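Structure record follows, encoded as structure tokens.
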Amino acid sequence: MKGEIAEQVTPTLLEKVGQAFNSNDIDAVMECFAPDAIFDHASGLETYGTRFEGHEALKMVFGELFESVQSVSWETVDERICGDKAYCEYIRRVTFHDGEYQEFLSVDILTFKAGLITHKNTYYKNRTH
């Protein structure tokens with residue numbers, strides 16, 4: 001069973017996920033997630049941050065991100081696959097509509113089942129000015 005899971009998480013699959021997010025195309029992003037997927041945002045009051053569950057909630061949060069910025073992209077620094085998980089390190093770059101620009105390191109721990117993300121757990125650097 002573990003061998004089957006490991007074969008499902010491939011560099012090609014991770015590239016598809018990255019391309020979907022970098023295209024800022026909410027429909028392409030949602031095709032990467034299981035219907036009951038969980039996204040744990042880096043910030044929030046709980047130990048895990050803020051949790052969003054299910055396609056509707058994930059579509060809302062990712063869609064709001066794409067709409068609230070001029071552009072956002074993730075440059076892959078490193079990726080590691082271990083069983084049903086992928087550990088992905090990125091440089092996240094965002095330009096807001098007012099021209100403000102932000103850049104910081106982030107890490108996603110992605111859990112997959114049947115080629116779809118079931119859990120996206122995000123961590124990032126909190127840069128201060």
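In the structure tokens, the first chain shown is A, the next is B, and so on; residue numbers restart at 1 for each chain, and ligands run from 1 in the order shown.
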
A:Asp40 surroundings by only C-alpha atoms, 8 Å radius, close-in-sequence under 6 positions cut, as an MDAnalysis selection string: chainID A and resid 48:52 119:122

Please write the residues from the selection above to a file, keeping C-alpha atoms, as a PDB file, in the first residue's frame.
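And here is the file that came out, result_24.pdb:
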ATOM      1  CA  TYR A  48      -2.683  24.615  13.357  1.00  0.00           C
ATOM      2  CA  GLY A  49      -3.463  28.226  12.314  1.00  0.00           C
ATOM      3  CA  THR A  50      -6.790  28.803  10.581  1.00  0.00           C
ATOM      4  CA  ARG A  51      -8.460  25.732   9.101  1.00  0.00           C
ATOM      5  CA  PHE A  52     -10.554  25.662   5.939  1.00  0.00           C
ATOM      6  CA  HIS A 119      -4.297  18.325   3.383  1.00  0.00           C
ATOM      7  CA  LYS A 120      -2.294  21.494   2.654  1.00  0.00           C
ATOM      8  CA  ASN A 121      -0.415  22.686   5.729  1.00  0.00           C
ATOM      9  CA  THR A 122       1.309  26.037   5.135  1.00  0.00           C
TER      10      THR A 122
END

List the neighbours of A:Thr128 out to 12 Å using only C-alpha atoms; skip same-chain residues closer than 2 positions along the sequence, and give me the result as a PDB file with N, CA and C atoms, in the first residue's frame.
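See selection-v2.pdb below for the written result:
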ATOM      1  N   GLN A 102       5.698  42.108  -1.822  1.00  0.00           N
ATOM      2  CA  GLN A 102       6.175  41.293  -0.712  1.00  0.00           C
ATOM      3  C   GLN A 102       6.848  40.047  -1.252  1.00  0.00           C
ATOM      4  N   GLU A 103       7.859  39.596  -0.515  1.00  0.00           N
ATOM      5  CA  GLU A 103       8.572  38.373  -0.875  1.00  0.00           C
ATOM      6  C   GLU A 103       8.989  37.689   0.419  1.00  0.00           C
ATOM      7  N   PHE A 104       8.700  36.401   0.530  1.00  0.00           N
ATOM      8  CA  PHE A 104       9.105  35.656   1.720  1.00  0.00           C
ATOM      9  C   PHE A 104       9.155  34.164   1.430  1.00  0.00           C
ATOM     10  N   LYS A 125       7.590  32.614   6.613  1.00  0.00           N
ATOM     11  CA  LYS A 125       8.327  33.611   7.384  1.00  0.00           C
ATOM     12  C   LYS A 125       7.451  34.854   7.540  1.00  0.00           C
ATOM     13  N   ASN A 126       7.451  35.423   8.729  1.00  0.00           N
ATOM     14  CA  ASN A 126       6.706  36.653   8.998  1.00  0.00           C
ATOM     15  C   ASN A 126       7.709  37.797   8.997  1.00  0.00           C
TER      16      ASN A 126
END

Which one of A:Leu58, A:Cys82, A:Ala28, A:Ala34 sits closest to A:Gly115 if you count only C-alpha atoms?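 Nearest to A:Gly115: A:Ala34.
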
What separates atom CA of A:Asp78 and atom CA of A:Tyr101 is a distance of 22.9 Å

Would you please extract all strand (DSSP E or B) residues from stretch 2-94 of chain A, as assigned by DSSP on the backbone, and give them as a VMD selection string? chain A and resid 33 to 46 49 to 53 69 to 82 85 to 94

Choose the residue, out of A:Ser71, A:Ser43, A:Thr118, A:Ser23, that has the smallest atom-to-atom separation from A:Arg93; count only C-alpha atoms.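 Looking only at the distances to A:Arg93, the closest residue turns out to be A:Ser71.
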
Would you mind listing what lies within 10 Å of A:Val17 as an MDAnalysis selection string, with only C-alpha atoms counted and same-chain residues fewer than 4 positions away left out? chainID A and resid 11:13 21:22 28:33 116:117

What does the distance from atom CA of A:Asn24 to atom CA of A:Phe66 come to in Å, to one decimal?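 Distance between the two atoms: 5.8 Å.
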
Point-to-point distance from atom CA of A:Gly99 to atom CA of A:Gln70, Å rounded to tenths: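 Interatomic distance here is 8.1 Å.
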
Quick one: of A:Ala114, A:Ile26, A:Ile38, A:Ile81, who's nearest to A:Gly63, counting only C-alpha atoms?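 Checking each of A:Ala114, A:Ile26, A:Ile38, A:Ile81 against A:Gly63, counting only C-alpha atoms, the winner is A:Ile26.
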